[in-house]
>>> print(open('work-v1.cif').read())   # mmCIF, C-alpha atoms
data_run
loop_
_atom_site.label_atom_id
_atom_site.label_comp_id
_atom_site.auth_asym_id
_atom_site.auth_seq_id
_atom_site.Cartn_x
_atom_site.Cartn_y
_atom_site.Cartn_z
CA MET A 25 28.58 -35.05 35.48
CA GLU A 26 29.38 -31.34 35.76
CA ASP A 27 32.91 -32.00 34.47
CA GLN A 28 31.47 -33.95 31.52
CA ASN A 29 29.13 -31.06 30.63
CA GLN A 30 31.99 -28.58 30.80
CA CYS A 31 34.05 -30.81 28.50
CA LYS A 32 31.18 -30.98 26.00
CA THR A 33 30.84 -27.18 26.10
CA SER A 34 34.58 -26.75 25.59
CA ASP A 35 34.54 -29.23 22.69
CA GLN A 36 31.69 -27.35 21.03
CA GLN A 37 33.48 -24.03 21.47
CA LEU A 38 36.66 -25.47 19.92
CA GLN A 39 34.64 -26.89 17.02
CA ASN A 40 32.93 -23.53 16.46
CA LEU A 41 36.30 -21.81 16.15
CA ASN A 42 36.82 -23.58 12.83
CA LEU A 43 33.34 -22.99 11.41
CA PRO A 44 32.18 -19.97 9.36
CA LYS A 45 30.26 -17.50 11.48
CA VAL A 46 26.65 -16.92 10.45
CA LEU A 47 24.62 -14.23 12.23
CA LEU A 48 20.89 -14.97 12.59
CA HIS A 49 18.88 -11.79 12.09
CA GLY A 50 15.26 -12.59 12.85
CA PRO A 51 12.64 -13.23 15.53
CA PRO A 52 13.09 -15.52 18.54
CA GLY A 53 13.15 -19.10 17.33
CA PHE A 54 14.48 -18.12 13.91
CA SER A 55 17.42 -20.50 14.37
CA SER A 56 15.02 -23.39 13.66
CA VAL A 57 15.19 -22.57 9.92
CA LEU A 58 18.62 -24.20 9.83
CA GLN A 59 18.25 -27.89 10.52
CA PRO A 60 20.89 -30.63 10.53
CA PRO A 61 23.06 -31.26 8.65
CA TYR A 62 23.35 -27.54 7.77
CA SER A 63 23.09 -26.25 11.35
CA GLU A 64 26.18 -28.31 12.22
CA LYS A 65 28.31 -26.76 9.47
CA PHE A 66 28.29 -23.18 10.76
CA HIS A 67 28.94 -21.24 13.94
CA LEU A 68 25.47 -19.73 14.43
CA LEU A 69 25.23 -16.44 16.34
CA ASN A 70 21.77 -15.43 17.55
CA HIS A 71 21.19 -11.81 18.56
CA SER A 72 17.36 -11.93 18.79
CA SER A 73 17.43 -10.92 22.47
CA LEU A 74 19.36 -7.72 21.67
CA PRO A 75 19.20 -5.07 18.93
CA LEU A 76 22.08 -5.58 16.51
CA HIS A 77 23.97 -2.46 17.60
CA GLN A 78 23.86 -3.64 21.23
CA PHE A 79 24.96 -7.11 20.22
CA ALA A 80 27.86 -5.55 18.32
CA ALA A 81 28.85 -3.49 21.35
CA THR A 82 28.85 -6.51 23.68
CA HIS A 83 30.27 -9.05 21.19
CA PRO A 84 32.70 -7.05 19.02
CA HIS A 85 34.91 -10.08 18.40
CA HIS A 86 32.01 -11.94 16.80
CA CYS A 87 30.71 -9.06 14.70
CA ALA A 88 34.18 -8.33 13.38
CA THR A 89 34.40 -11.82 11.87
CA VAL A 90 30.83 -12.61 10.80
CA ALA A 91 30.98 -13.82 7.19
CA ALA A 92 27.27 -14.31 6.50
CA VAL A 93 23.89 -13.11 7.74
CA LEU A 94 20.77 -15.22 7.57
CA CYS A 95 17.78 -12.89 7.88
CA ASP A 96 14.00 -12.94 8.06
CA GLY A 97 12.00 -10.76 5.67
CA GLY A 98 10.65 -8.60 8.47
CA TYR A 99 14.08 -7.63 9.79
CA PRO A 100 15.81 -4.81 7.88
CA LEU A 101 19.49 -4.79 6.98
CA THR A 102 20.34 -1.12 6.61
CA VAL A 103 23.58 0.70 5.80
CA ASP A 104 24.19 1.28 9.51
CA MET A 105 23.66 -2.39 10.32
CA LEU A 106 25.91 -3.56 7.51
CA SER A 107 28.64 -1.23 8.75
CA LEU A 108 28.71 -3.18 12.03
CA LEU A 109 29.83 -6.30 10.14
CA PRO A 110 33.10 -5.43 8.35
CA SER A 111 33.84 -9.02 7.25
CA LEU A 112 30.37 -9.70 5.85
CA ARG A 113 30.41 -11.37 2.42
CA LEU A 114 26.95 -12.93 2.14
CA VAL A 115 23.32 -12.16 3.03
CA VAL A 116 20.77 -14.97 2.74
CA THR A 117 17.15 -13.93 3.24
CA ALA A 118 14.29 -16.32 3.95
CA SER A 119 11.85 -14.19 1.94
CA ALA A 120 11.01 -13.78 -1.73
CA GLY A 121 11.15 -9.98 -1.41
CA THR A 122 14.39 -8.12 -0.75
CA ASP A 123 13.14 -4.60 0.06
CA HIS A 124 14.35 -5.07 3.66
CA VAL A 125 17.96 -5.40 2.48
CA ASP A 126 19.94 -2.39 1.27
CA LEU A 127 20.97 -3.95 -2.04
CA ASP A 128 22.83 -0.85 -3.22
CA GLU A 129 25.07 -0.95 -0.17
CA CYS A 130 25.59 -4.69 -0.60
CA ARG A 131 26.69 -4.11 -4.20
CA ARG A 132 29.03 -1.31 -3.11
CA ARG A 133 30.66 -3.56 -0.51
CA GLY A 134 30.78 -6.65 -2.74
CA ILE A 135 28.34 -8.60 -0.56
CA GLN A 136 26.46 -11.39 -2.33
CA VAL A 137 22.73 -11.77 -1.64
CA ALA A 138 20.54 -14.87 -1.99
CA GLY A 139 16.76 -14.98 -1.63
CA ALA A 140 13.94 -17.51 -1.68
CA GLY A 141 13.65 -17.35 -5.47
CA ASN A 142 10.30 -18.68 -6.70
CA LEU A 143 9.85 -21.05 -3.78
CA PHE A 144 6.73 -19.35 -2.39
CA SER A 145 5.09 -18.36 -5.68
CA GLU A 146 2.45 -21.10 -5.76
CA ASP A 147 1.48 -20.67 -2.11
CA VAL A 148 1.20 -16.89 -2.41
CA ALA A 149 -0.91 -17.24 -5.56
CA ASP A 150 -3.19 -19.72 -3.78
CA LEU A 151 -3.65 -17.25 -0.93
CA ALA A 152 -4.35 -14.34 -3.29
CA VAL A 153 -7.19 -16.23 -4.95
CA ALA A 154 -8.45 -17.47 -1.57
CA LEU A 155 -8.58 -13.89 -0.26
CA LEU A 156 -10.41 -12.76 -3.39
CA ILE A 157 -13.02 -15.50 -3.05
CA ASP A 158 -13.42 -14.81 0.68
CA VAL A 159 -13.95 -11.07 0.19
CA VAL A 160 -16.31 -11.36 -2.79
CA MET A 161 -18.31 -14.28 -1.38
CA LYS A 162 -18.29 -12.74 2.14
CA ILE A 163 -17.25 -16.06 3.69
CA SER A 164 -15.47 -14.71 6.77
CA ALA A 165 -18.22 -12.14 7.40
CA ALA A 166 -20.88 -14.88 7.22
CA ASP A 167 -18.81 -17.08 9.53
CA ARG A 168 -18.63 -14.31 12.15
CA SER A 169 -22.35 -13.69 11.95
CA LEU A 170 -23.19 -17.38 12.29
CA ARG A 171 -20.93 -17.84 15.30
CA LYS A 172 -22.64 -14.88 16.99
CA ARG A 173 -26.06 -16.30 16.03
CA HIS A 174 -26.86 -12.95 14.42
CA VAL A 175 -27.97 -14.34 11.06
CA ASP A 176 -31.14 -12.63 9.93
CA SER A 177 -32.28 -13.60 6.42
CA ARG A 178 -33.96 -10.21 6.06
CA ALA A 179 -30.66 -8.40 6.68
CA ILE A 180 -28.35 -10.52 4.54
CA THR A 181 -25.98 -8.57 2.30
CA TYR A 182 -25.71 -10.56 -0.88
CA ALA A 183 -22.33 -11.79 -2.02
CA SER A 184 -21.06 -11.36 -5.55
CA LYS A 185 -19.93 -13.86 -8.18
CA VAL A 186 -16.23 -14.52 -8.57
CA THR A 187 -16.70 -16.19 -11.94
CA GLY A 188 -16.32 -13.70 -14.78
CA LYS A 189 -14.75 -10.93 -12.71
CA ARG A 190 -12.43 -8.52 -14.54
CA VAL A 191 -9.18 -8.83 -12.58
CA GLY A 192 -6.16 -6.55 -12.97
CA ILE A 193 -2.85 -7.91 -11.74
CA VAL A 194 -0.23 -5.36 -10.69
CA GLY A 195 3.12 -7.07 -11.26
CA LEU A 196 3.05 -9.98 -13.68
CA GLY A 197 6.12 -11.79 -12.41
CA ARG A 198 6.13 -15.42 -11.31
CA ILE A 199 3.51 -14.88 -8.58
CA GLY A 200 1.35 -12.71 -10.84
CA LEU A 201 1.41 -15.37 -13.56
CA GLU A 202 0.46 -18.06 -11.06
CA VAL A 203 -2.48 -15.91 -9.95
CA ALA A 204 -3.52 -15.35 -13.57
CA HIS A 205 -3.49 -19.08 -14.33
CA ARG A 206 -5.73 -19.79 -11.33
CA LEU A 207 -8.14 -17.02 -12.29
CA GLU A 208 -8.48 -18.40 -15.81
CA ALA A 209 -10.00 -21.52 -14.25
CA LEU A 210 -12.66 -19.23 -12.75
CA ASN A 211 -13.37 -17.71 -16.17
CA CYS A 212 -12.07 -14.33 -14.98
CA LYS A 213 -10.94 -11.78 -17.54
CA VAL A 214 -7.31 -11.02 -16.65
CA SER A 215 -5.34 -7.89 -17.54
CA TYR A 216 -2.18 -6.49 -16.01
CA ASN A 217 0.23 -3.66 -15.31
CA SER A 218 3.96 -4.30 -15.06
CA ARG A 219 7.24 -2.47 -15.57
CA LYS A 220 7.02 -3.40 -19.23
CA GLN A 221 4.71 -5.36 -21.46
CA LYS A 222 5.29 -9.11 -21.56
CA PRO A 223 5.53 -10.26 -25.18
CA PHE A 224 4.40 -13.86 -24.64
CA VAL A 225 1.27 -13.51 -22.45
CA PRO A 226 -2.30 -13.27 -23.79
CA TYR A 227 -3.57 -10.69 -21.29
CA PRO A 228 -4.23 -7.02 -22.10
CA PHE A 229 -1.51 -4.68 -20.83
CA TYR A 230 -2.08 -1.25 -19.22
CA SER A 231 0.89 1.03 -18.82
CA ASN A 232 -0.53 2.79 -15.76
CA VAL A 233 -2.50 1.52 -12.79
CA VAL A 234 -5.32 4.08 -13.03
CA ASP A 235 -6.26 2.78 -16.49
CA LEU A 236 -6.02 -0.79 -15.21
CA ALA A 237 -8.33 0.02 -12.30
CA THR A 238 -10.82 1.78 -14.58
CA ASN A 239 -11.20 -1.36 -16.66
CA THR A 240 -11.40 -3.96 -13.88
CA ASN A 241 -13.47 -5.02 -10.84
CA VAL A 242 -10.52 -6.35 -8.85
CA LEU A 243 -6.86 -5.44 -8.36
CA VAL A 244 -4.41 -8.10 -7.15
CA LEU A 245 -1.06 -6.67 -6.05
CA CYS A 246 1.95 -8.92 -6.65
CA CYS A 247 4.74 -6.47 -7.46
CA ALA A 248 7.89 -5.67 -5.53
CA LEU A 249 8.13 -2.63 -3.27
CA ASN A 250 10.51 0.11 -4.39
CA ASP A 251 10.54 3.89 -4.78
CA GLN A 252 8.41 3.65 -7.91
CA THR A 253 5.75 1.32 -6.45
CA ARG A 254 5.40 2.75 -2.93
CA HIS A 255 1.76 3.89 -2.58
CA ILE A 256 1.11 2.93 -6.20
CA ILE A 257 -2.44 2.22 -5.04
CA ASN A 258 -3.65 5.64 -3.92
CA ARG A 259 -7.08 7.26 -3.68
CA GLU A 260 -7.15 8.04 -7.40
CA VAL A 261 -6.69 4.36 -8.21
CA MET A 262 -9.31 3.28 -5.67
CA VAL A 263 -11.90 5.72 -7.01
CA ALA A 264 -11.13 4.52 -10.55
CA LEU A 265 -11.71 0.93 -9.40
CA GLY A 266 -15.17 1.95 -8.26
CA LYS A 267 -17.74 1.17 -5.60
CA GLY A 268 -17.92 -2.54 -6.46
CA GLY A 269 -14.15 -2.90 -6.56
CA VAL A 270 -11.99 -5.22 -4.50
CA ILE A 271 -8.25 -4.96 -3.72
CA VAL A 272 -6.14 -7.99 -2.78
CA ASN A 273 -2.57 -7.39 -1.59
CA VAL A 274 -0.07 -10.24 -1.33
CA GLY A 275 2.93 -8.07 -2.31
CA ARG A 276 4.06 -5.53 0.28
CA GLY A 277 1.95 -3.40 2.59
CA ALA A 278 3.33 -0.06 1.46
CA LEU A 279 2.15 -0.66 -2.11
CA ILE A 280 -1.14 0.75 -0.80
CA HIS A 281 -1.69 4.13 0.81
CA GLU A 282 -3.23 2.46 3.85
CA LYS A 283 -4.98 5.49 5.36
CA GLU A 284 -6.67 6.20 2.02
CA LEU A 285 -7.66 2.55 1.77
CA LEU A 286 -9.35 2.72 5.17
CA LYS A 287 -11.25 5.87 4.15
CA CYS A 288 -12.41 4.29 0.90
CA LEU A 289 -13.54 1.12 2.69
CA MET A 290 -15.42 3.06 5.37
CA GLU A 291 -17.00 5.48 2.90
CA GLY A 292 -18.01 2.79 0.43
CA GLU A 293 -15.75 4.02 -2.36
CA ILE A 294 -14.70 0.38 -2.88
CA GLU A 295 -16.42 -2.88 -1.94
CA GLY A 296 -13.72 -4.67 0.02
CA ALA A 297 -10.13 -5.77 0.49
CA GLY A 298 -8.13 -8.92 1.23
CA LEU A 299 -4.81 -8.09 2.89
CA ASP A 300 -1.92 -10.41 3.69
CA VAL A 301 0.54 -7.53 4.17
CA PHE A 302 0.42 -4.18 5.94
CA GLU A 303 2.18 -0.85 5.70
CA ASN A 304 3.66 -0.91 9.21
CA GLU A 305 4.23 -4.60 9.83
CA PRO A 306 4.22 -6.23 12.27
CA LEU A 307 1.71 -3.60 13.46
CA VAL A 308 -1.74 -3.63 11.86
CA ASP A 309 -3.99 -0.57 11.93
CA GLU A 310 -6.77 -1.51 14.37
CA HIS A 311 -9.39 0.29 12.28
CA PHE A 312 -9.34 -2.75 9.98
CA PHE A 313 -10.56 -5.02 12.78
CA SER A 314 -14.07 -3.61 12.89
CA LEU A 315 -14.67 -3.74 9.13
CA ASP A 316 -16.73 -6.61 7.77
CA ASN A 317 -15.63 -5.91 4.20
CA VAL A 318 -11.97 -6.72 4.91
CA VAL A 319 -10.31 -10.13 5.23
CA LEU A 320 -6.97 -10.07 7.05
CA SER A 321 -4.10 -12.56 6.96
CA PRO A 322 -0.87 -12.31 9.01
CA HIS A 323 1.63 -12.27 6.11
CA ALA A 324 1.03 -15.99 5.77
CA GLY A 325 1.34 -16.45 2.02
CA PHE A 326 4.34 -18.75 2.48
CA SER A 327 3.19 -20.52 5.66
CA THR A 328 2.61 -24.02 4.40
CA LEU A 329 4.43 -26.95 5.90
CA GLU A 330 5.76 -27.92 2.49
CA SER A 331 7.27 -24.47 1.91
CA TYR A 332 8.75 -24.33 5.40
CA VAL A 333 10.61 -27.60 4.84
CA ALA A 334 11.74 -26.39 1.41
CA ILE A 335 12.99 -22.97 2.62
CA CYS A 336 14.97 -24.63 5.43
CA GLN A 337 16.73 -26.74 2.82
CA LEU A 338 17.27 -23.81 0.45
CA LEU A 339 18.81 -21.55 3.08
CA GLY A 340 21.27 -24.25 4.08
CA ARG A 341 22.14 -25.05 0.47
CA ASN A 342 22.87 -21.37 -0.28
CA LEU A 343 25.17 -21.09 2.72
CA GLU A 344 26.88 -24.36 1.88
CA ALA A 345 27.36 -23.32 -1.76
CA PHE A 346 28.90 -19.98 -0.81
CA PHE A 347 31.38 -21.40 1.69
CA SER A 348 32.32 -24.14 -0.80
CA ASP A 349 33.11 -21.47 -3.44
CA ASN A 350 30.20 -22.62 -5.61
CA PRO A 351 27.51 -20.42 -7.23
CA LEU A 352 24.55 -19.48 -5.05
CA ILE A 353 21.41 -21.52 -5.64
CA THR A 354 19.05 -18.51 -5.76
CA PRO A 355 21.21 -15.41 -6.26
CA VAL A 356 19.79 -11.89 -6.09
CA ILE A 357 23.16 -10.13 -6.56
#
>>> encode(input="work-v1.cif", output="structure tokens")
Amino acid sequence: MEDQNQCKTSDQQLQNLNLPKVLLHGPPGFSSVLQPPYSEKFHLLNHSSLPLHQFAATHPHHCATVAAVLCDGGYPLTVDMLSLLPSLRLVVTASAGTDHVDLDECRRRGIQVAGAGNLFSEDVADLAVALLIDVVMKISAADRSLRKRHVDSRAITYASKVTGKRVGIVGLGRIGLEVAHRLEALNCKVSYNSRKQKPFVPYPFYSNVVDLATNTNVLVLCCALNDQTRHIINREVMVALGKGGVIVNVGRGALIHEKELLKCLMEGEIEGAGLDVFENEPLVDEHFFSLDNVVLSPHAGFSTLESYVAICQLLGRNLEAFFSDNPLITPVI
């Protein structure tokens, strides 16, 4: 039996020699995103138990010949990391956002990049509206009170109507448009801020976020994170939104100046917030935990079974396309 197992191991090693090497850059268990038949078409290298630089030091022969990296959205690919992989030609990320990948360095080195495309747009939009309803209707806060048997009708803080709210969307891309369409069903008055005005949408456009906040009750953040949008939601914007204002963030945590958000929530400068993303993920500032006017979600906008099955397929198809000399399915660069 031992000899048979050794033969199987040797056969697998020989087979792997002829397969393209793909480095998995993500949390433990990340390898499950590649299912058969795709997982059988590549030599998968998992470094989750070691930082990449340590993996490179102990497995230089692998890192020297890695052709592709499959990465999770929470795991950065910096200039230093890319320099450890001299044969790298492709990065495939399992996220819609690409702020964790140094795209400029990838362009300089001629590395192609594929993302999740619009795969998660509907799920993220669903979550954005769910967070808005939860915060405004105080559903989670009421649930906590009921479970603790602390409900006192004389001390109830009344919820607010969602219907008719004036909602400003920051970033009217695919996710922002999906959010807008859902809010129309709630008779909300939608306006937006984006890099440029969209010629074929019916919503009022504001060229800066302060003006958008001044004219709305709610801000929903759907834009990408970059140097221009980092901390785009600062104290000035929050004060402009006003004491009845609500902020929902399904974009990236660093779109909001988080310390200023906490101050505004504690001091009553705004009404509440629904947050699926955080500035220092995976860490979450513990001051949020004691606030009843905040609803928290663990970056779960894409965590539906349907989307998980779809992203597994998409990642494999992008890898297969690249190594077959075909165009990427969802190219970024």
>>> residues_around(input="work-v1.cif", residues="Ala80 of chain A", least_positions_apart="2", cutoff="12 Å", atoms="all atoms listed in the file", output="list in words")
Leu47, Leu69, Asn70, His71, Leu74, Pro75, Leu76, His77, Gln78, Thr82, His83, Pro84, His85, His86, Cys87, Ala88, Thr89, Val90, Asp104, Met105, Leu106, Ser107, Leu108, Leu109 and Pro110 of chain A
>>> write_last_selection(input="work-v1.cif", atoms="C-alpha atoms", output="PDB file, keeping the file's coordinate frame")
ATOM      1  CA  LEU A  47      24.620 -14.230  12.230  1.00  0.00           C
ATOM      2  CA  LEU A  69      25.230 -16.440  16.340  1.00  0.00           C
ATOM      3  CA  ASN A  70      21.770 -15.430  17.550  1.00  0.00           C
ATOM      4  CA  HIS A  71      21.190 -11.810  18.560  1.00  0.00           C
ATOM      5  CA  LEU A  74      19.360  -7.720  21.670  1.00  0.00           C
ATOM      6  CA  PRO A  75      19.200  -5.070  18.930  1.00  0.00           C
ATOM      7  CA  LEU A  76      22.080  -5.580  16.510  1.00  0.00           C
ATOM      8  CA  HIS A  77      23.970  -2.460  17.600  1.00  0.00           C
ATOM      9  CA  GLN A  78      23.860  -3.640  21.230  1.00  0.00           C
ATOM     10  CA  THR A  82      28.850  -6.510  23.680  1.00  0.00           C
ATOM     11  CA  HIS A  83      30.270  -9.050  21.190  1.00  0.00           C
ATOM     12  CA  PRO A  84      32.700  -7.050  19.020  1.00  0.00           C
ATOM     13  CA  HIS A  85      34.910 -10.080  18.400  1.00  0.00           C
ATOM     14  CA  HIS A  86      32.010 -11.940  16.800  1.00  0.00           C
ATOM     15  CA  CYS A  87      30.710  -9.060  14.700  1.00  0.00           C
ATOM     16  CA  ALA A  88      34.180  -8.330  13.380  1.00  0.00           C
ATOM     17  CA  THR A  89      34.400 -11.820  11.870  1.00  0.00           C
ATOM     18  CA  VAL A  90      30.830 -12.610  10.800  1.00  0.00           C
ATOM     19  CA  ASP A 104      24.190   1.280   9.510  1.00  0.00           C
ATOM     20  CA  MET A 105      23.660  -2.390  10.320  1.00  0.00           C
ATOM     21  CA  LEU A 106      25.910  -3.560   7.510  1.00  0.00           C
ATOM     22  CA  SER A 107      28.640  -1.230   8.750  1.00  0.00           C
ATOM     23  CA  LEU A 108      28.710  -3.180  12.030  1.00  0.00           C
ATOM     24  CA  LEU A 109      29.830  -6.300  10.140  1.00  0.00           C
ATOM     25  CA  PRO A 110      33.100  -5.430   8.350  1.00  0.00           C
TER      26      PRO A 110
END
>>> closest_residue(input="work-v1.cif", among="A:Gly53, A:Gly200, A:Arg206, A:Asn42", to="Phe66 of chain A", atoms="all atoms listed in the file")
A:Asn42
>>> residues_around(input="work-v1.cif", residues="Phe302 of chain A", least_positions_apart="2", cutoff="6 Å", atoms="all atoms listed in the file", output="list of chain:residue names")
A:Gly277, A:Asn304, A:Glu305
>>> atom_distance(input="work-v1.cif", atom1="atom CA of Arg198 of chain A", atom2="atom CA of Phe224 of chain A")
13.5 Å
>>> resolve_selection(input="work-v1.cif", expression="the PyMOL selection byres ((chain A and resi 280) around 10)", output="compact mmCIF listing (two decimals) with C-alpha atoms, keeping the file's coordinate frame")
# COMPACT_ATOMS: atom_id res chain seq x y z
CA LEU A 245 -1.06 -6.67 -6.05
CA THR A 253 5.75 1.32 -6.45
CA ARG A 254 5.40 2.75 -2.93
CA HIS A 255 1.76 3.89 -2.58
CA ILE A 256 1.11 2.93 -6.20
CA ILE A 257 -2.44 2.22 -5.04
CA ASN A 258 -3.65 5.64 -3.92
CA ARG A 259 -7.08 7.26 -3.68
CA VAL A 261 -6.69 4.36 -8.21
CA MET A 262 -9.31 3.28 -5.67
CA ILE A 271 -8.25 -4.96 -3.72
CA ASN A 273 -2.57 -7.39 -1.59
CA GLY A 275 2.93 -8.07 -2.31
CA ARG A 276 4.06 -5.53 0.28
CA GLY A 277 1.95 -3.40 2.59
CA ALA A 278 3.33 -0.06 1.46
CA LEU A 279 2.15 -0.66 -2.11
CA HIS A 281 -1.69 4.13 0.81
CA GLU A 282 -3.23 2.46 3.85
CA LYS A 283 -4.98 5.49 5.36
CA GLU A 284 -6.67 6.20 2.02
CA LEU A 285 -7.66 2.55 1.77
CA VAL A 301 0.54 -7.53 4.17
CA PHE A 302 0.42 -4.18 5.94
CA GLU A 303 2.18 -0.85 5.70
>>> resolve_selection(input="work-v1.cif", expression="the PyMOL selection byres ((chain A and resi 115) around 7)", output="PyMOL selection string")
chain A and resi 92-94+114+116-117+136-138
>>> closest_residue(input="work-v1.cif", among="A:Glu293, A:Glu310, A:Asp300, A:Asp96", to="His124 of chain A", atoms="only C-alpha atoms")
A:Asp96
>>> closest_residue(input="work-v1.cif", among="A:Gly268, A:Pro351, A:Gly192, A:Gly197", to="Asp235 of chain A", atoms="all atoms listed in the file")
A:Gly192
